[in-house]
file work_38.txt (compact mmCIF, C-alpha atoms)
# COMPACT_ATOMS: atom_id res chain seq x y z
CA THR A 248 100.85 81.08 134.96
CA SER A 249 102.23 80.32 131.49
CA VAL A 250 102.67 83.96 130.51
CA GLU A 251 106.19 85.39 130.42
CA THR A 252 105.74 88.40 128.16
CA MET A 253 109.04 89.99 127.23
CA GLU A 254 109.81 91.42 130.68
CA GLU A 255 113.25 92.72 129.69
CA ALA A 256 112.00 94.89 126.82
CA GLU A 257 111.03 98.53 127.25
CA PRO A 258 107.30 99.11 126.77
CA MET A 259 106.32 100.62 123.42
CA MET A 260 103.18 102.76 123.47
CA LEU A 261 101.23 101.86 120.34
CA SER A 262 98.05 103.45 119.04
CA MET A 263 95.97 101.98 116.24
CA GLU A 264 97.06 104.83 113.96
CA ASP A 265 100.73 104.24 114.77
CA ALA A 266 100.39 100.53 114.10
CA VAL A 267 98.88 101.12 110.65
CA ARG A 268 101.55 103.75 109.84
CA ILE A 269 104.42 101.44 110.85
CA ALA A 270 102.94 98.54 108.86
CA ARG A 271 102.68 100.71 105.76
CA GLU A 272 106.20 102.11 106.14
CA ASN A 273 107.69 98.63 106.52
CA SER A 274 105.66 96.96 103.77
CA ARG A 275 107.92 95.29 101.20
CA GLU A 276 104.95 95.05 98.83
CA MET A 277 104.68 98.84 98.90
CA TRP A 278 108.33 99.20 97.95
CA LYS A 279 107.84 96.78 95.05
CA ILE A 280 104.84 98.72 93.72
CA ASP A 281 106.68 102.04 93.91
CA ASP A 282 109.63 100.48 92.06
CA GLY A 283 107.25 99.02 89.48
CA ILE A 284 105.68 102.43 88.85
CA ALA A 285 109.14 103.90 88.21
CA GLN A 286 109.97 101.10 85.76
CA VAL A 287 106.68 101.55 83.88
CA LYS A 288 107.38 105.26 83.47
CA ASP A 289 110.69 104.38 81.81
CA ALA A 290 108.95 101.78 79.65
CA ARG A 291 106.52 104.43 78.43
CA LYS A 292 109.40 106.51 77.13
CA ASP A 293 110.64 103.48 75.15
CA ALA A 294 107.10 102.90 73.87
CA LYS A 295 106.91 106.51 72.67
CA ASP A 296 110.22 106.07 70.80
CA ALA A 297 108.91 102.84 69.22
CA LYS A 298 105.72 104.60 68.08
CA ASP A 299 107.68 107.48 66.55
CA LEU A 300 110.01 105.04 64.75
CA ALA A 301 107.09 102.95 63.43
CA GLU A 302 105.33 106.07 62.11
CA ARG A 303 108.54 107.18 60.38
CA ILE A 304 109.22 103.81 58.76
CA MET A 305 105.62 103.30 57.61
CA GLY A 306 105.61 106.78 56.10
CA MET A 307 108.83 106.32 54.14
CA SER A 308 109.38 105.01 50.61
CA PHE A 309 111.46 101.84 50.08
CA SER A 310 114.32 103.89 48.68
CA ASP A 311 114.34 106.17 51.71
CA ILE A 312 114.26 103.14 54.02
CA GLU A 313 117.20 101.54 52.20
CA GLU A 314 119.12 104.79 52.34
CA GLU A 315 118.58 105.30 56.05
CA PHE A 316 118.58 101.72 57.36
CA GLY A 317 120.58 99.87 54.72
CA LEU A 318 119.83 97.19 52.14
CA MET A 319 119.60 94.44 54.76
CA PHE A 320 116.68 96.08 56.57
CA ASP A 321 113.53 93.89 56.22
CA VAL A 322 110.40 96.05 56.15
CA THR A 323 108.11 93.02 56.67
CA SER A 324 109.97 91.80 59.76
CA ASN A 325 107.89 92.31 62.92
CA TYR A 326 105.34 94.19 60.82
CA VAL A 327 102.39 93.38 63.11
CA GLU A 328 104.32 94.66 66.13
CA ARG A 329 105.14 97.79 64.14
CA ILE A 330 101.44 98.33 63.40
CA MET A 331 100.68 97.89 67.10
CA ALA A 332 103.41 100.37 68.02
CA LYS A 333 102.08 102.88 65.51
CA ASN A 334 98.56 102.50 66.92
CA GLY A 335 99.87 103.24 70.42
CA TYR A 336 99.61 99.71 71.84
CA TYR A 337 102.81 99.87 73.87
CA ILE A 338 102.12 103.39 75.13
CA THR A 339 98.63 102.30 76.15
CA PHE A 340 100.11 99.20 77.79
CA ALA A 341 102.50 101.32 79.86
CA ASP A 342 99.75 103.77 80.80
CA THR A 343 97.36 101.01 81.86
CA GLN A 344 100.08 99.26 83.83
CA GLN A 345 100.86 102.47 85.69
CA ALA A 346 97.16 103.05 86.41
CA GLN A 347 96.80 99.50 87.70
CA LEU A 348 99.90 99.76 89.87
CA GLU A 349 98.67 103.02 91.36
CA LYS A 350 95.27 101.43 92.03
CA ASN A 351 97.00 98.39 93.52
CA ARG A 352 98.88 100.77 95.77
CA GLU A 353 95.58 102.17 97.05
CA MET A 354 94.28 98.63 97.54
CA LEU A 355 97.44 97.63 99.41
CA LEU A 356 97.14 100.64 101.72
CA ALA A 357 93.55 99.68 102.53
CA GLY A 358 94.50 96.03 102.97
CA ILE A 359 97.33 96.88 105.36
CA GLU A 360 94.95 99.02 107.43
CA ILE A 361 92.35 96.25 107.64
CA GLU A 362 94.85 93.49 108.48
CA THR A 363 96.72 95.60 111.04
CA THR A 364 93.47 96.72 112.66
CA SER A 365 92.36 93.10 112.90
CA LEU A 366 95.66 92.07 114.54
CA TYR A 367 95.42 95.06 116.91
CA TYR A 368 91.91 93.97 117.89
CA ASN A 369 93.18 90.44 118.49
CA VAL A 370 95.61 91.75 121.11
CA LEU A 371 92.87 93.82 122.74
CA LEU A 372 90.59 90.77 122.76
CA ALA A 373 93.29 88.69 124.39
CA GLU A 374 93.85 91.37 127.03
CA GLN A 375 90.13 91.49 127.81
CA SER A 376 89.97 87.69 127.95
CA ILE A 377 92.73 87.70 130.57
CA VAL A 378 90.88 90.27 132.66
CA ILE A 379 87.59 88.36 132.43
CA ASN A 380 89.19 85.01 133.19
CA LYS A 381 90.98 86.48 136.23
CA VAL A 382 87.64 87.69 137.56
CA ASN A 383 86.11 84.28 136.89
CA LEU A 384 89.00 82.58 138.71
CA ASN A 385 88.54 84.88 141.71
CA LYS A 386 84.82 84.02 141.79
CA ALA A 387 85.57 80.29 141.56
CA GLU A 388 88.14 80.49 144.37
CA GLU A 389 85.71 82.43 146.56
CA GLN A 390 82.99 79.88 145.81
CA LEU A 391 85.40 77.09 146.79
CA ARG A 392 86.19 78.88 150.06
CA VAL A 393 82.50 79.19 150.91
CA VAL A 394 81.75 75.56 149.99
CA ASN A 395 84.64 74.35 152.16
CA LEU A 396 83.26 76.34 155.11
CA LYS A 397 79.80 74.83 154.57
CA PHE A 398 81.29 71.35 154.19
CA ASN A 399 83.14 71.74 157.46
CA ASN A 400 79.94 72.64 159.29
CA GLY A 401 77.99 69.91 157.56
CA SER A 402 75.80 72.04 155.28
CA ALA A 403 77.52 71.07 152.01
CA THR A 404 78.41 67.73 150.43
CA LYS A 405 81.75 66.41 149.28
CA ALA A 406 80.38 66.46 145.73
CA GLY A 407 79.82 70.20 146.10
CA VAL A 408 83.44 70.67 147.17
CA LEU A 409 84.68 68.60 144.22
CA ASN A 410 82.54 70.63 141.82
CA ALA A 411 84.02 73.85 143.21
CA GLU A 412 87.57 72.49 142.94
CA MET A 413 86.93 71.46 139.35
CA ALA A 414 85.60 74.95 138.61
CA VAL A 415 88.76 76.52 140.05
CA GLN A 416 90.95 74.22 137.97
CA LYS A 417 88.98 75.01 134.82
CA ALA A 418 89.21 78.75 135.53
CA LYS A 419 93.00 78.44 135.94
CA THR A 420 93.24 76.53 132.66
CA ASP A 421 91.13 79.16 130.88
CA LEU A 422 93.35 81.92 132.27
CA ASP A 423 96.53 80.15 131.16
CA SER A 424 95.02 79.69 127.70
CA ALA A 425 94.03 83.37 127.53
CA GLU A 426 97.57 84.42 128.45
CA ASP A 427 99.02 82.12 125.79
CA ASP A 428 96.58 83.57 123.25
CA TYR A 429 97.74 87.04 124.24
CA ASN A 430 101.39 86.17 123.60
CA ILE A 431 100.50 84.72 120.19
CA ALA A 432 98.39 87.78 119.28
CA VAL A 433 101.27 90.10 120.22
CA LEU A 434 103.75 88.12 118.11
CA ASN A 435 101.41 88.23 115.10
CA LEU A 436 101.04 92.00 115.45
CA LEU A 437 104.79 92.54 115.81
CA ASN A 438 105.41 90.34 112.78
CA LYS A 439 103.04 92.43 110.68
CA LEU A 440 104.75 95.63 111.83
CA GLU A 441 108.21 94.15 111.09
CA LEU A 442 109.22 94.88 114.71
CA ASP A 443 111.54 92.82 116.89
CA PHE A 444 109.75 89.99 118.67
CA ASP A 445 111.19 91.21 121.99
CA THR A 446 109.21 94.45 121.66
CA LYS A 447 106.62 94.86 124.40
CA PRO A 448 103.71 96.85 122.92
CA VAL A 449 101.26 98.68 125.16
CA LEU A 450 98.11 99.32 123.19
CA THR A 451 96.70 102.77 123.86
CA ASP A 452 93.46 102.59 121.83
CA THR A 453 91.55 100.46 124.33
CA ASP A 454 88.17 102.18 123.88
CA PHE A 455 86.37 99.11 122.60
CA THR A 456 82.94 100.62 121.97
CA TYR A 457 80.08 99.89 119.60
CA VAL A 458 79.35 102.50 116.93
CA PRO A 459 76.16 101.62 115.02
CA SER A 460 76.36 101.61 111.24
CA ALA A 461 74.99 104.73 109.61
CA GLU A 462 72.26 104.35 107.01
CA ILE A 463 73.89 102.38 104.20
CA ASN A 464 73.41 103.20 100.53
CA LEU A 465 74.08 99.78 99.03
CA ASP A 466 73.43 100.90 95.44
CA GLY A 467 75.86 103.79 95.88
CA ALA A 468 78.51 101.46 97.29
CA ILE A 469 78.09 99.11 94.33
CA GLU A 470 78.43 101.92 91.78
CA LYS A 471 81.48 103.30 93.56
CA ALA A 472 83.11 99.86 93.57
CA LYS A 473 82.38 99.40 89.87
CA ALA A 474 84.10 102.71 89.16
CA GLU A 475 87.16 102.13 91.37
CA ARG A 476 87.88 98.44 91.96
CA PRO A 477 91.30 97.28 90.62
CA GLU A 478 89.98 94.10 89.02
CA ILE A 479 87.54 96.08 86.88
CA LEU A 480 90.29 98.52 85.91
CA ALA A 481 92.50 95.57 84.94
CA ALA A 482 89.74 93.95 82.88
CA GLU A 483 88.89 97.21 81.08
CA ASN A 484 92.56 97.90 80.39
CA ASN A 485 93.01 94.40 79.02
CA LEU A 486 90.00 94.93 76.76
CA GLU A 487 91.42 98.23 75.46
CA LEU A 488 94.76 96.61 74.69
CA GLN A 489 93.11 93.63 73.07
CA LYS A 490 91.14 95.91 70.76
CA ILE A 491 94.41 97.44 69.49
CA GLU A 492 96.07 94.03 69.13
CA THR A 493 93.09 92.51 67.35
CA HIS A 494 92.89 95.46 64.97
CA ALA A 495 96.56 95.00 64.07
CA TYR A 496 96.28 91.24 63.52
CA THR A 497 93.04 91.40 61.52
CA ALA A 498 94.49 94.19 59.39
CA TYR A 499 97.60 92.16 58.56
CA TYR A 500 96.22 88.60 58.32
CA THR A 501 93.32 87.67 56.06
CA SER A 502 90.11 86.30 57.59
CA ASN A 503 90.82 82.69 56.59
CA LEU A 504 94.09 82.52 58.57
CA ARG A 505 94.42 81.15 62.09
CA GLN A 506 96.04 84.34 63.42
CA HIS A 507 93.05 86.42 62.28
CA LYS A 508 90.51 84.11 63.93
CA ALA A 509 92.57 83.78 67.12
CA ALA A 510 92.75 87.56 67.47
CA GLU A 511 88.97 87.85 67.16
CA GLU A 512 88.47 85.12 69.80
CA LYS A 513 90.84 86.87 72.18
CA LEU A 514 88.80 90.05 71.80
CA LYS A 515 85.58 88.18 72.59
CA ASP A 516 87.19 86.68 75.70
CA ALA A 517 88.36 90.11 76.84
CA GLU A 518 84.83 91.51 76.39
CA ILE A 519 83.31 88.64 78.38
CA ASN A 520 85.92 88.97 81.15
CA ALA A 521 85.28 92.71 81.42
CA GLU A 522 81.53 92.16 81.71
CA GLN A 523 82.03 89.39 84.29
CA SER A 524 84.33 91.56 86.40
CA TYR A 525 81.45 93.98 87.01
CA LYS A 526 79.21 91.12 88.16
CA ASN A 527 81.92 89.73 90.42
CA VAL A 528 82.48 93.09 92.08
CA GLU A 529 78.75 93.66 92.62
CA LEU A 530 78.47 90.18 94.15
CA ASP A 531 81.41 90.88 96.46
CA VAL A 532 79.98 94.22 97.65
CA ARG A 533 76.58 92.65 98.31
CA ILE A 534 78.21 89.84 100.31
CA SER A 535 80.30 92.38 102.24
CA TYR A 536 77.10 94.29 103.05
CA LEU A 537 75.32 91.14 104.26
CA ASN A 538 78.35 90.18 106.36
CA LEU A 539 78.20 93.61 108.02
CA ILE A 540 74.47 93.28 108.75
CA LYS A 541 75.02 89.74 110.05
CA ALA A 542 77.91 90.83 112.30
CA GLU A 543 75.94 93.78 113.71
CA ARG A 544 72.89 91.61 114.41
CA ALA A 545 75.06 88.98 116.12
CA PHE A 546 76.64 91.64 118.34
CA ILE A 547 73.27 93.15 119.31
CA ASN A 548 71.96 89.69 120.18
CA MET A 549 75.07 89.00 122.26
CA GLU A 550 74.48 92.25 124.17
CA LYS A 551 71.09 90.86 125.19
CA THR A 552 72.64 87.48 126.01
CA LEU A 553 75.22 89.19 128.23
CA GLU A 554 72.51 91.04 130.16
CA LEU A 555 70.68 87.74 130.71
CA ALA A 556 73.93 86.05 131.82
CA LYS A 557 74.60 88.83 134.35
CA GLU A 558 71.10 88.50 135.75
CA ALA A 559 71.37 84.70 135.87
CA ALA A 560 74.65 84.90 137.78
CA ARG A 561 73.18 87.43 140.23
CA ILE A 562 70.01 85.43 140.89
CA ASN A 563 71.85 82.10 141.28
CA GLN A 564 74.23 83.66 143.77
CA LEU A 565 71.31 85.14 145.69
CA LEU A 566 69.45 81.81 145.72
CA TYR A 567 72.59 79.96 146.82
CA ASP A 568 73.19 82.43 149.67
CA ASN A 569 69.65 81.70 150.87
CA GLY A 570 69.95 77.94 150.52
CA MET A 571 67.66 77.72 147.51
CA ALA A 572 70.20 76.74 144.79
CA ALA A 573 73.09 74.32 144.48
CA ASN A 574 76.72 75.34 144.30
CA ILE A 575 76.96 73.93 140.78
CA ASP A 576 74.27 76.38 139.63
CA VAL A 577 76.39 79.33 140.77
CA LEU A 578 79.53 77.93 139.17
CA GLU A 579 77.80 77.31 135.84
CA ALA A 580 76.19 80.76 135.86
CA ASN A 581 79.54 82.46 136.55
CA ALA A 582 81.24 80.46 133.80
CA GLY A 583 78.41 81.35 131.41
CA LEU A 584 78.81 85.03 132.28
CA ALA A 585 82.55 84.91 131.57
CA GLN A 586 81.94 83.28 128.18
CA ALA A 587 79.26 85.85 127.33
CA GLU A 588 81.61 88.72 128.22
CA ILE A 589 84.39 87.29 126.05
CA GLY A 590 81.91 86.54 123.27
CA ARG A 591 80.73 90.15 123.32
CA TYR A 592 84.25 91.43 122.70
CA GLN A 593 84.82 88.87 119.95
CA LEU A 594 81.63 89.85 118.13
CA LEU A 595 82.36 93.55 118.57
CA ALA A 596 85.77 93.08 116.95
CA ALA A 597 84.20 91.05 114.13
CA TYR A 598 81.61 93.79 113.58
CA ASN A 599 84.27 96.52 113.46
CA ILE A 600 86.34 94.57 110.92
CA ASN A 601 83.30 93.86 108.73
CA LYS A 602 82.41 97.53 108.90
CA LEU A 603 85.92 98.47 107.78
CA LEU A 604 85.75 95.92 104.97
CA PHE A 605 82.48 97.32 103.66
CA GLU A 606 83.74 100.90 103.90
CA ASN A 607 86.70 99.86 101.71
CA SER A 608 84.70 97.65 99.34
CA ASN A 609 85.38 100.18 96.57
CA LEU A 610 89.04 99.14 96.70
CA ILE A 611 89.42 95.67 98.10
CA GLY A 612 87.40 92.45 98.05
CA SER A 613 86.13 90.80 101.20
CA ASN A 614 87.51 87.45 99.99
CA ASN A 615 91.02 88.82 100.51
CA PHE A 616 90.56 88.34 104.27

call {"tool": "encode", "arguments": {"input": "work_38.txt", "output": "structure tokens"}}
result
Amino acid sequence: TSVETMEEAEPMMLSMEDAVRIARENSREMWKIDDGIAQVKDARKDAKDAKDLAERIMGMSFSDIEEEFGLMFDVTSNYVERIMAKNGYYITFADTQQAQLEKNREMLLAGIEIETTSLYYNVLLAEQSIVINKVNLNKAEEQLRVVNLKFNNGSATKAGVLNAEMAVQKAKTDLDSAEDDYNIAVLNLLNKLELDFDTKPVLTDTDFTYVPSAEINLDGAIEKAKAERPEILAAENNLELQKIETHAYTAYYTSNLRQHKAAEEKLKDAEINAEQSYKNVELDVRISYLNLIKAERAFINMEKTLELAKEAARINQLLYDNGMAANIDVLEANAGLAQAEIGRYQLLAAYNINKLLFENSNLIGSNNF
């Protein structure tokens, strides 16, 4: 076969929980966010100093300003920025940035869990595909053996033998492909975990079972997302900052000046963007919900398809053994059963990921995956 999976490396037992933990610990994005939070905290201290200085200057007489800062000090220089500092713009900016970074940290944690879980499932899927394709190959080889015996005693045709040989070759090709897919899935998982590519993971959470969705409160999920989603927080924070900025500009510049009008337009844009962010989040949660329902329905339908495929394979084998069906019927039924078994695992993984996405729709959008 084409699989040569890191035979020299020591096996590494890896649970789903361990995989998520390692991915989070090794995330460079997480380090950047933590560093950004520390920088914003320092910036807030500077903003507080700027506010105190602006309040002092704006409360002083010209003579006091000249005495303290010198004759060359220009009171009108950067006056709008001084008004903004006095009104707490830069403190608010630092606070909102910290809040957004902390929310982004939560979103990143959820995103890492979802992506790592998906990659973990991909390895499990590949493992199951190998097992199923090995069984299918064994069936095809057994069918070829039986057809050859029948051909030798004159009860089967050469076409039947050729069909059986083609089925064996296809089963071998499918197995090789499944093993290649397994190697690729393992490499993708190791890359996400920032582990050496020679690592040989042994996945321990192999209980690939279906857990039906509990009764879903869609309205509650939408309200929770509107209260917690980072993009809404960012839009609301931007609106709050724009209110302070617009107040400063309209207080300093008269209504006929370009700066005054531009500040008012920027405030209108911020209000519209904030309102639109709520609609976008609601749309995303509703789509996530429908994707979950769609994935669950597809899996349930595949369960029924798998039962039919099992019965079809059993009946065709029984008919063939009694001379009432052709060899090709058995081969096609067995191949259909293998595809249905693989399809079941694929749809189960898709359902589990969509379920995880909906459960985290208060933090992260489905379009991120």

call {"tool": "residues_near_point", "arguments": {"input": "work_38.txt", "point": "(80.7, 68.8, 148.1)", "cutoff": "10 Å", "atoms": "only C-alpha atoms", "output": "number ranges by chain"}}
result
A: 391, 394-395, 397-398, 401-412, 574-575

call {"tool": "write_last_selection", "arguments": {"input": "work_38.txt", "atoms": "C-alpha atoms", "output": "compact mmCIF listing (two decimals), in the frame of the given file"}}
result
# COMPACT_ATOMS: atom_id res chain seq x y z
CA LEU A 391 85.40 77.09 146.79
CA VAL A 394 81.75 75.56 149.99
CA ASN A 395 84.64 74.35 152.16
CA LYS A 397 79.80 74.83 154.57
CA PHE A 398 81.29 71.35 154.19
CA GLY A 401 77.99 69.91 157.56
CA SER A 402 75.80 72.04 155.28
CA ALA A 403 77.52 71.07 152.01
CA THR A 404 78.41 67.73 150.43
CA LYS A 405 81.75 66.41 149.28
CA ALA A 406 80.38 66.46 145.73
CA GLY A 407 79.82 70.20 146.10
CA VAL A 408 83.44 70.67 147.17
CA LEU A 409 84.68 68.60 144.22
CA ASN A 410 82.54 70.63 141.82
CA ALA A 411 84.02 73.85 143.21
CA GLU A 412 87.57 72.49 142.94
CA ASN A 574 76.72 75.34 144.30
CA ILE A 575 76.96 73.93 140.78

call {"tool": "atom_distance", "arguments": {"input": "work_38.txt", "atom1": "CA of Gly335 in chain A", "atom2": "CA of Lys295 in chain A"}}
result
8.1 Å

call {"tool": "atom_distance", "arguments": {"input": "work_38.txt", "atom1": "CA of Met331 in chain A", "atom2": "CA of Glu475 in chain A"}}
result
28.1 Å

call {"tool": "atom_distance", "arguments": {"input": "work_38.txt", "atom1": "CA of Ala418 in chain A", "atom2": "CA of Lys381 in chain A"}}
result
8.0 Å

call {"tool": "closest_residue", "arguments": {"input": "work_38.txt", "among": "A:Ala290, A:Ala357, A:Leu594, A:Leu300", "to": "Arg268 in chain A", "atoms": "only C-alpha atoms"}}
result
A:Ala357

call {"tool": "closest_residue", "arguments": {"input": "work_38.txt", "among": "A:Lys439, A:Leu396, A:Asn380, A:Asn609", "to": "Gln416 in chain A", "atoms": "all atoms listed in the file"}}
result
A:Asn380

call {"tool": "residues_around", "arguments": {"input": "work_38.txt", "residues": "Ile284 in chain A", "least_positions_apart": "2", "cutoff": "12 Å", "atoms": "only C-alpha atoms", "output": "list in words"}}
result
Met277, Trp278, Lys279, Ile280, Asp281, Asp282, Gln286, Val287, Lys288, Asp289, Ala290, Arg291, Ala341, Asp342, Thr343, Gln344, Gln345, Ala346, Gln347, Leu348, Glu349, Lys350, Asn351 and Arg352 of chain A

call {"tool": "write_last_selection", "arguments": {"input": "work_38.txt", "atoms": "C-alpha atoms", "output": "short mmCIF file (atom, residue, chain, number, x, y, z; two decimals), in the frame of the given file"}}
result
data_model
loop_
_atom_site.label_atom_id
_atom_site.label_comp_id
_atom_site.auth_asym_id
_atom_site.auth_seq_id
_atom_site.Cartn_x
_atom_site.Cartn_y
_atom_site.Cartn_z
CA MET A 277 104.68 98.84 98.90
CA TRP A 278 108.33 99.20 97.95
CA LYS A 279 107.84 96.78 95.05
CA ILE A 280 104.84 98.72 93.72
CA ASP A 281 106.68 102.04 93.91
CA ASP A 282 109.63 100.48 92.06
CA GLN A 286 109.97 101.10 85.76
CA VAL A 287 106.68 101.55 83.88
CA LYS A 288 107.38 105.26 83.47
CA ASP A 289 110.69 104.38 81.81
CA ALA A 290 108.95 101.78 79.65
CA ARG A 291 106.52 104.43 78.43
CA ALA A 341 102.50 101.32 79.86
CA ASP A 342 99.75 103.77 80.80
CA THR A 343 97.36 101.01 81.86
CA GLN A 344 100.08 99.26 83.83
CA GLN A 345 100.86 102.47 85.69
CA ALA A 346 97.16 103.05 86.41
CA GLN A 347 96.80 99.50 87.70
CA LEU A 348 99.90 99.76 89.87
CA GLU A 349 98.67 103.02 91.36
CA LYS A 350 95.27 101.43 92.03
CA ASN A 351 97.00 98.39 93.52
CA ARG A 352 98.88 100.77 95.77
#

call {"tool": "residues_around", "arguments": {"input": "work_38.txt", "residues": "Asn607 in chain A", "least_positions_apart": "6", "cutoff": "9 Å", "atoms": "all atoms listed in the file", "output": "MDAnalysis selection string"}}
result
chainID A and resid 354 357:358 361 472

call {"tool": "residues_around", "arguments": {"input": "work_38.txt", "residues": "range 442-449 of chain A", "least_positions_apart": "5", "cutoff": "12 Å", "atoms": "only C-alpha atoms", "output": "ChimeraX atom specification"}}
result
/A:251-263,265-266,269-270,272-274,367,370-371,374,429-437

call {"tool": "closest_residue", "arguments": {"input": "work_38.txt", "among": "A:Ile479, A:Ala285, A:Ala474, A:Ile562", "to": "Gln523 in chain A", "atoms": "all atoms listed in the file"}}
result
A:Ile479

call {"tool": "residues_around", "arguments": {"input": "work_38.txt", "residues": "Glu483 in chain A", "least_positions_apart": "6", "cutoff": "10 Å", "atoms": "only C-alpha atoms", "output": "ChimeraX atom specification"}}
result
/A:343,477,489,517-518,520-522,524

call {"tool": "write_last_selection", "arguments": {"input": "work_38.txt", "atoms": "C-alpha atoms", "output": "compact mmCIF listing (two decimals), in the frame of the given file"}}
result
# COMPACT_ATOMS: atom_id res chain seq x y z
CA THR A 343 97.36 101.01 81.86
CA PRO A 477 91.30 97.28 90.62
CA GLN A 489 93.11 93.63 73.07
CA ALA A 517 88.36 90.11 76.84
CA GLU A 518 84.83 91.51 76.39
CA ASN A 520 85.92 88.97 81.15
CA ALA A 521 85.28 92.71 81.42
CA GLU A 522 81.53 92.16 81.71
CA SER A 524 84.33 91.56 86.40

call {"tool": "closest_residue", "arguments": {"input": "work_38.txt", "among": "A:Asn334, A:Asn400, A:Ser365, A:Asn383", "to": "Ala596 in chain A", "atoms": "all atoms listed in the file"}}
result
A:Ser365

call {"tool": "residues_around", "arguments": {"input": "work_38.txt", "residues": "Ala297 in chain A", "least_positions_apart": "3", "cutoff": "12 Å", "atoms": "all atoms listed in the file", "output": "list in words"}}
result
Ala290, Arg291, Lys292, Asp293, Ala294, Leu300, Ala301, Glu302, Arg303, Ile304, Glu328, Arg329, Ile330, Met331, Ala332, Lys333, Asn334, Gly335, Tyr336, Tyr337 and Ile338 of chain A

call {"tool": "closest_residue", "arguments": {"input": "work_38.txt", "among": "A:Lys298, A:Leu595, A:Lys419, A:Glu353", "to": "Lys386 in chain A", "atoms": "only C-alpha atoms"}}
result
A:Lys419
